[in-house]
$ cat coords-v5.cif   # mmCIF, C-alpha atoms
data_protein
#
loop_
_atom_site.label_atom_id
_atom_site.label_comp_id
_atom_site.auth_asym_id
_atom_site.auth_seq_id
_atom_site.Cartn_x
_atom_site.Cartn_y
_atom_site.Cartn_z
CA GLY A 1 11.53 13.42 -33.84
CA ALA A 2 11.29 16.49 -31.66
CA GLY A 3 10.99 15.97 -27.95
CA VAL A 4 9.21 18.08 -25.36
CA SER A 5 10.35 21.68 -25.47
CA GLN A 6 9.99 24.36 -22.84
CA THR A 7 10.43 28.09 -23.06
CA PRO A 8 12.08 30.08 -21.72
CA SER A 9 14.94 27.94 -20.45
CA ASN A 10 15.65 30.51 -17.76
CA LYS A 11 13.45 33.22 -16.28
CA VAL A 12 14.43 35.77 -13.67
CA THR A 13 11.64 37.88 -12.26
CA GLU A 14 11.04 40.18 -9.34
CA LYS A 15 8.89 39.24 -6.41
CA GLY A 16 5.26 40.10 -7.08
CA LYS A 17 5.48 39.85 -10.86
CA TYR A 18 3.48 37.57 -13.15
CA VAL A 19 5.17 34.85 -15.23
CA GLU A 20 4.15 32.42 -17.93
CA LEU A 21 6.01 29.22 -18.72
CA ARG A 22 5.35 27.40 -21.96
CA CYS A 23 5.44 23.71 -22.82
CA ASP A 24 5.31 22.15 -26.28
CA PRO A 25 4.63 18.43 -25.90
CA ILE A 26 5.49 15.70 -28.37
CA SER A 27 3.04 15.84 -31.27
CA GLY A 28 0.13 13.49 -30.76
CA HIS A 29 0.65 13.02 -27.05
CA THR A 30 -2.66 13.19 -25.23
CA ALA A 31 -1.48 13.68 -21.68
CA LEU A 32 0.60 16.58 -20.39
CA TYR A 33 2.07 17.04 -16.92
CA TRP A 34 3.66 19.88 -14.99
CA TYR A 35 6.14 19.30 -12.17
CA ARG A 36 8.26 21.54 -10.00
CA GLN A 37 11.74 20.52 -8.83
CA SER A 38 13.71 22.20 -6.10
CA LEU A 39 17.42 21.67 -5.59
CA GLY A 40 18.20 18.20 -4.24
CA GLN A 41 14.59 17.04 -4.47
CA GLY A 42 12.69 14.90 -6.91
CA PRO A 43 10.08 16.43 -9.20
CA GLU A 44 6.85 17.39 -7.44
CA PHE A 45 3.59 16.90 -9.33
CA LEU A 46 1.55 20.04 -10.02
CA ILE A 47 -1.14 19.34 -12.60
CA TYR A 48 -2.08 16.80 -15.29
CA PHE A 49 -4.06 17.37 -18.49
CA GLN A 50 -5.92 14.84 -20.58
CA GLY A 51 -6.54 16.67 -23.82
CA THR A 52 -7.72 20.18 -23.02
CA GLY A 53 -9.03 19.54 -19.55
CA ALA A 54 -7.18 19.38 -16.26
CA ALA A 55 -7.67 15.81 -15.02
CA ASP A 56 -5.91 16.43 -11.72
CA ASP A 57 -4.73 19.76 -10.35
CA SER A 58 -4.27 18.59 -6.78
CA GLY A 59 -0.57 19.46 -6.82
CA LEU A 60 -0.98 23.18 -7.47
CA PRO A 61 0.24 24.79 -4.23
CA ASN A 62 -2.25 27.67 -4.14
CA ASP A 63 -4.48 29.83 -6.31
CA ARG A 64 -1.55 31.87 -7.61
CA PHE A 65 -0.76 28.93 -9.88
CA PHE A 66 -2.87 28.17 -12.93
CA ALA A 67 -2.32 26.17 -16.11
CA VAL A 68 -4.14 25.93 -19.42
CA ARG A 69 -4.03 23.76 -22.51
CA PRO A 70 -6.69 25.34 -24.74
CA GLU A 71 -6.17 23.28 -27.89
CA GLY A 72 -4.93 20.07 -26.37
CA SER A 73 -1.31 20.57 -27.34
CA VAL A 74 0.72 23.53 -26.01
CA SER A 75 0.31 24.29 -22.33
CA THR A 76 1.08 27.39 -20.31
CA LEU A 77 1.75 27.45 -16.58
CA LYS A 78 0.90 30.84 -15.11
CA ILE A 79 2.12 32.12 -11.77
CA GLN A 80 0.72 35.32 -10.31
CA ARG A 81 2.32 37.50 -7.63
CA THR A 82 5.48 35.42 -7.62
CA GLU A 83 7.26 34.75 -4.35
CA ARG A 84 10.87 33.82 -3.68
CA GLY A 85 9.69 30.36 -2.66
CA ASP A 86 8.46 29.79 -6.21
CA SER A 87 12.07 29.62 -7.41
CA ALA A 88 12.62 26.15 -8.85
CA VAL A 89 12.92 24.25 -12.12
CA TYR A 90 9.53 23.74 -13.70
CA LEU A 91 9.36 20.55 -15.73
CA CYS A 92 6.82 19.55 -18.33
CA ALA A 93 6.24 16.01 -19.54
CA SER A 94 3.91 14.36 -22.03
CA SER A 95 2.77 10.83 -22.68
CA LEU A 96 1.09 9.17 -25.62
CA THR A 97 -1.97 7.93 -23.79
CA MET A 98 -3.93 8.97 -20.76
CA GLY A 99 -2.60 6.47 -18.25
CA THR A 100 -0.58 8.16 -15.52
CA ARG A 101 1.78 5.22 -15.37
CA ASP A 102 2.58 5.44 -19.06
CA GLU A 103 6.08 6.45 -20.04
CA GLN A 104 6.45 10.18 -19.63
CA TYR A 105 8.81 12.22 -21.82
CA PHE A 106 10.22 15.20 -20.00
CA GLY A 107 11.39 18.51 -21.33
CA PRO A 108 14.59 20.21 -20.13
CA GLY A 109 12.71 22.47 -17.76
CA THR A 110 12.45 26.20 -17.13
CA ARG A 111 14.58 27.51 -14.30
CA LEU A 112 12.59 30.23 -12.54
CA THR A 113 14.38 32.59 -10.18
CA VAL A 114 12.34 35.07 -8.16
CA THR A 115 14.45 37.87 -6.70
CA LEU B 1 -0.08 7.08 -2.53
CA ALA B 2 2.51 4.32 -2.13
CA LYS B 3 5.77 5.58 -0.66
CA THR B 4 9.14 4.33 -1.75
CA THR B 5 12.42 4.12 0.12
CA GLN B 6 15.74 3.90 -1.66
CA PRO B 7 19.36 4.65 -0.72
CA ILE B 8 20.34 8.30 -0.90
CA SER B 9 23.59 7.59 -2.73
CA MET B 10 25.78 4.84 -4.12
CA ASP B 11 29.27 4.71 -5.58
CA SER B 12 30.55 2.23 -8.15
CA TYR B 13 33.58 1.68 -10.32
CA GLU B 14 33.30 1.56 -14.06
CA GLY B 15 32.51 -1.86 -15.47
CA GLN B 16 30.74 -3.11 -12.36
CA GLU B 17 27.12 -4.18 -12.08
CA VAL B 18 25.06 -1.84 -9.92
CA ASN B 19 21.93 -2.90 -8.08
CA ILE B 20 19.66 -0.28 -6.54
CA THR B 21 16.92 -1.63 -4.29
CA CYS B 22 13.70 0.21 -3.59
CA SER B 23 11.18 -0.64 -0.87
CA HIS B 24 7.47 -0.07 -1.45
CA ASN B 25 5.68 -1.92 1.33
CA ASN B 26 2.27 -0.37 0.65
CA ILE B 27 2.13 -1.05 -3.08
CA ALA B 28 -1.41 -1.54 -4.37
CA THR B 29 -2.64 -4.31 -6.62
CA ASN B 30 -2.91 -2.08 -9.68
CA ASP B 31 0.39 -0.26 -9.13
CA TYR B 32 3.31 -0.65 -11.50
CA ILE B 33 6.94 -0.04 -10.58
CA THR B 34 8.79 2.43 -12.75
CA TRP B 35 12.35 3.74 -12.71
CA TYR B 36 13.52 7.05 -14.11
CA GLN B 37 17.03 8.44 -14.57
CA GLN B 38 17.92 12.11 -14.31
CA PHE B 39 21.12 13.85 -15.38
CA PRO B 40 21.98 17.36 -14.14
CA SER B 41 20.05 20.12 -15.92
CA GLN B 42 17.81 17.63 -17.71
CA GLY B 43 14.36 16.23 -17.12
CA PRO B 44 13.99 12.63 -15.93
CA ARG B 45 14.13 9.88 -18.51
CA PHE B 46 12.17 6.61 -18.36
CA ILE B 47 14.36 3.55 -17.88
CA ILE B 48 12.14 0.56 -17.22
CA GLN B 49 8.79 -0.53 -15.83
CA GLY B 50 7.43 -3.77 -14.47
CA TYR B 51 4.62 -5.38 -12.51
CA LYS B 52 6.14 -8.65 -11.31
CA THR B 53 9.05 -11.05 -11.80
CA LYS B 54 11.73 -9.79 -14.16
CA VAL B 55 11.80 -7.26 -16.96
CA THR B 56 14.83 -6.59 -19.14
CA ASN B 57 15.52 -4.04 -21.84
CA GLU B 58 18.61 -2.76 -23.58
CA VAL B 59 19.48 -0.50 -20.66
CA ALA B 60 18.62 -2.33 -17.44
CA SER B 61 16.86 -5.18 -15.69
CA LEU B 62 14.16 -4.90 -13.07
CA PHE B 63 13.66 -7.65 -10.51
CA ILE B 64 10.41 -7.79 -8.54
CA PRO B 65 9.80 -10.52 -5.95
CA ALA B 66 6.46 -12.25 -5.60
CA ASP B 67 5.25 -10.03 -2.74
CA ARG B 68 6.10 -6.91 -4.78
CA LYS B 69 7.12 -5.02 -1.65
CA SER B 70 10.49 -4.20 -3.13
CA SER B 71 12.22 -4.04 -6.48
CA THR B 72 15.80 -3.94 -7.69
CA LEU B 73 17.10 -2.00 -10.66
CA SER B 74 20.18 -3.65 -12.13
CA LEU B 75 22.56 -1.73 -14.37
CA PRO B 76 25.11 -3.99 -16.04
CA ARG B 77 28.69 -2.79 -16.48
CA VAL B 78 28.18 0.87 -15.62
CA SER B 79 30.20 3.61 -17.26
CA LEU B 80 30.94 7.18 -16.22
CA SER B 81 27.93 8.32 -18.25
CA ASP B 82 25.62 6.39 -15.91
CA THR B 83 26.35 8.90 -13.14
CA ALA B 84 22.88 10.29 -12.41
CA VAL B 85 19.99 10.25 -9.98
CA TYR B 86 17.72 7.21 -10.20
CA TYR B 87 14.10 7.41 -9.06
CA CYS B 88 11.89 4.49 -8.11
CA LEU B 89 8.16 5.13 -8.39
CA VAL B 90 5.00 3.12 -7.93
CA SER B 91 1.97 4.27 -9.84
CA GLY B 92 -1.48 3.12 -10.70
CA ASN B 93 -4.03 5.65 -11.79
CA THR B 94 -2.64 8.51 -9.76
CA PRO B 95 0.06 11.05 -10.62
CA LEU B 96 3.68 10.03 -10.21
CA VAL B 97 5.26 10.70 -6.83
CA PHE B 98 9.02 11.16 -7.03
CA GLY B 99 11.13 10.79 -3.90
CA LYS B 100 14.67 12.11 -3.59
CA GLY B 101 16.07 9.24 -5.61
CA THR B 102 19.46 7.52 -5.44
CA ARG B 103 22.47 9.50 -6.56
CA LEU B 104 24.78 7.06 -8.35
CA SER B 105 28.38 8.12 -8.82
CA VAL B 106 30.49 6.03 -11.17
CA ILE B 107 34.21 6.28 -10.59
CA ALA B 108 36.90 5.56 -13.18
#
$ encode --input "coords-v5.cif" --output "structure tokens"
Amino acid sequence: GAGVSQTPSNKVTEKGKYVELRCDPISGHTALYWYRQSLGQGPEFLIYFQGTGAADDSGLPNDRFFAVRPEGSVSTLKIQRTERGDSAVYLCASSLTMGTRDEQYFGPGTRLTVT
Amino acid sequence: LAKTTQPISMDSYEGQEVNITCSHNNIATNDYITWYQQFPSQGPRFIIQGYKTKVTNEVASLFIPADRKSSTLSLPRVSLSDTAVYYCLVSGNTPLVFGKGTRLSVIA
């Protein structure tokens, strides 16, 4: 079956612009996660959804970052007033149940470059 | 959150068994130990998970001693396609915390 998909695969934007990154999880997966990965580092947790609600958003670095999952499936990560330091690969993952230690299926990521 | 320590990099020849050890001295009672694999330009992929003793699947084995303060991922007879970064994580009911992982290079 289809895995987790993310669009766009690459996004180049100018400093100060607004961007939206989309994640389509595996159908039927309840939990959805966003991570950010910089070069040479492991993925860094941003936010975790159980259904439509954000169960834990403690990883969002500041109020320029926001994510939604209005119907409990597709999620959008929104970044306002982008900065060069936001450049990274943004990964989305989903899991069948709500346990954070459950197997997570990752998408290929969106590479964001802020110039 | 429990922290993990694992080697930054390892090299191995094809056909050898590779063991990657991870230390997690502050693991909590309800934490599980999970390993993920990541290839360049891809998201991480789940390899194996365990709580204690030994777990084996078609890809790897995971050895966990009684005190659970460390764990060892064992990859039998590695091939060039096993070249990747391997992450050790401990997790209970909190979000996953990835370290820098171990970069395994398999040499022909």
$ residues_around --input "coords-v5.cif" --residues "Ile79 (chain A)" --least-positions-apart "6" --cutoff "9 Å" --atoms "all atoms listed in the file" --output "ChimeraX atom specification"
/A:17-21,63-67,86
$ interface_residues --input "coords-v5.cif" --of "chain A" --to "chain B" --cutoff "9 Å" --atoms "all atoms listed in the file" --output "VMD selection string"
chain A and resid 33 40 to 45 47 to 48 56 91 to 93 99 to 101 103 to 109
$ closest_residue --input "coords-v5.cif" --among "B:Thr21, B:Ser79, B:Ser74, B:Gln37" --to "Ile8 (chain B)" --atoms "all atoms listed in the file"
B:Thr21
$ resolve_selection --input "coords-v5.cif" --expression "the PyMOL selection byres ((chain B and resi 71) around 12)" --output "ChimeraX atom specification"
/B:4-6,19-25,27,32-35,48-55,61-70,72-74,87-90
$ residues_around --input "coords-v5.cif" --residues "Glu17 (chain B)" --least-positions-apart "4" --cutoff "7 Å" --atoms "all atoms listed in the file" --output "list of chain:residue names"
B:Ser74, B:Leu75, B:Pro76, B:Arg77, B:Val78
$ resolve_selection --input "coords-v5.cif" --expression "the PyMOL selection byres ((chain A and resi 25) around 10)" --output "PyMOL selection string"
chain A and resi 2-6+22-24+26-33+72-75+92-96+105-107
$ atom_distance --input "coords-v5.cif" --atom1 "CA of Thr83 (chain B)" --atom2 "CA of Gln16 (chain B)"
12.8 Å
$ closest_residue --input "coords-v5.cif" --among "A:Ala54, A:Leu77, A:Val89, A:Met98" --to "Thr113 (chain A)" --atoms "only C-alpha atoms"
A:Val89
$ decode --input "coords-v5.cif" --residues "region 44-56 of chain B" --atoms "all heavy atoms" --output "compact mmCIF listing (two decimals), in the first residue's frame"
# COMPACT_ATOMS: atom_id res chain seq x y z
N PRO B 44 13.74 7.90 8.33
CA PRO B 44 14.15 6.70 9.08
C PRO B 44 13.15 5.56 8.89
O PRO B 44 11.97 5.78 8.62
CB PRO B 44 14.15 7.19 10.53
CG PRO B 44 14.33 8.66 10.45
CD PRO B 44 13.60 9.07 9.21
N ARG B 45 13.66 4.36 9.05
CA ARG B 45 12.82 3.17 8.93
C ARG B 45 13.00 2.32 10.18
O ARG B 45 14.13 2.05 10.60
CB ARG B 45 13.21 2.37 7.70
CG ARG B 45 12.35 1.16 7.42
CD ARG B 45 12.81 0.43 6.19
NE ARG B 45 14.08 -0.27 6.40
CZ ARG B 45 14.42 -1.41 5.82
NH1 ARG B 45 13.57 -1.99 5.01
NH2 ARG B 45 15.59 -1.95 6.03
N PHE B 46 11.91 1.87 10.77
CA PHE B 46 11.92 1.03 11.96
C PHE B 46 12.63 -0.28 11.66
O PHE B 46 12.40 -0.91 10.63
CB PHE B 46 10.48 0.76 12.39
CG PHE B 46 10.31 -0.22 13.51
CD1 PHE B 46 10.23 0.24 14.82
CD2 PHE B 46 10.20 -1.58 13.28
CE1 PHE B 46 10.04 -0.65 15.87
CE2 PHE B 46 10.03 -2.47 14.31
CZ PHE B 46 9.94 -2.01 15.61
N ILE B 47 13.55 -0.68 12.58
CA ILE B 47 14.21 -1.97 12.42
C ILE B 47 13.69 -2.97 13.44
O ILE B 47 13.25 -4.06 13.08
CB ILE B 47 15.75 -1.86 12.63
CG1 ILE B 47 16.38 -0.88 11.66
CG2 ILE B 47 16.39 -3.23 12.48
CD1 ILE B 47 17.86 -0.68 11.94
N ILE B 48 13.76 -2.61 14.73
CA ILE B 48 13.45 -3.58 15.75
C ILE B 48 13.19 -2.85 17.06
O ILE B 48 13.66 -1.72 17.26
CB ILE B 48 14.62 -4.60 15.90
CG1 ILE B 48 14.19 -5.84 16.66
CG2 ILE B 48 15.84 -3.93 16.55
CD1 ILE B 48 15.20 -7.00 16.52
N GLN B 49 12.44 -3.50 17.94
CA GLN B 49 12.14 -2.92 19.25
C GLN B 49 12.11 -4.04 20.29
O GLN B 49 11.68 -5.15 19.99
CB GLN B 49 10.79 -2.20 19.22
CG GLN B 49 10.41 -1.51 20.51
CD GLN B 49 9.03 -0.87 20.42
OE1 GLN B 49 7.99 -1.51 20.54
NE2 GLN B 49 9.02 0.43 20.16
N GLY B 50 12.55 -3.69 21.50
CA GLY B 50 12.50 -4.68 22.56
C GLY B 50 12.42 -4.03 23.93
O GLY B 50 12.67 -2.82 24.09
N TYR B 51 12.06 -4.85 24.92
CA TYR B 51 12.03 -4.36 26.31
C TYR B 51 13.13 -5.01 27.14
O TYR B 51 13.81 -4.34 27.89
CB TYR B 51 10.66 -4.64 26.92
CG TYR B 51 10.51 -4.09 28.30
CD1 TYR B 51 10.19 -2.75 28.48
CD2 TYR B 51 10.70 -4.89 29.43
CE1 TYR B 51 10.06 -2.20 29.74
CE2 TYR B 51 10.57 -4.35 30.69
CZ TYR B 51 10.25 -3.02 30.85
OH TYR B 51 10.15 -2.48 32.12
N LYS B 52 13.29 -6.32 27.00
CA LYS B 52 14.35 -7.02 27.72
C LYS B 52 14.73 -8.30 26.97
O LYS B 52 14.07 -8.69 26.02
CB LYS B 52 13.92 -7.34 29.15
CG LYS B 52 12.73 -8.26 29.23
CD LYS B 52 12.37 -8.52 30.69
CE LYS B 52 11.15 -9.45 30.77
NZ LYS B 52 10.77 -9.71 32.19
N THR B 53 15.81 -8.87 27.37
CA THR B 53 16.40 -10.10 26.82
C THR B 53 16.72 -9.95 25.34
O THR B 53 17.45 -9.10 24.94
CB THR B 53 15.52 -11.34 27.11
OG1 THR B 53 14.27 -11.21 26.48
CG2 THR B 53 15.34 -11.50 28.61
N LYS B 54 16.16 -10.83 24.52
CA LYS B 54 16.54 -10.85 23.11
C LYS B 54 15.32 -10.83 22.23
O LYS B 54 14.33 -11.51 22.50
CB LYS B 54 17.37 -12.10 22.82
CG LYS B 54 17.76 -12.28 21.36
CD LYS B 54 18.51 -13.57 21.14
CE LYS B 54 18.79 -13.82 19.66
NZ LYS B 54 19.49 -15.10 19.43
N VAL B 55 15.41 -10.05 21.18
CA VAL B 55 14.37 -9.99 20.16
C VAL B 55 15.03 -10.21 18.81
O VAL B 55 16.10 -9.66 18.55
CB VAL B 55 13.64 -8.63 20.17
CG1 VAL B 55 12.56 -8.59 19.08
CG2 VAL B 55 13.05 -8.33 21.54
N THR B 56 14.40 -11.01 17.97
CA THR B 56 14.95 -11.27 16.63
C THR B 56 13.86 -11.14 15.60
O THR B 56 12.74 -11.60 15.82
CB THR B 56 15.57 -12.67 16.56
OG1 THR B 56 16.66 -12.74 17.49
CG2 THR B 56 16.12 -12.96 15.18
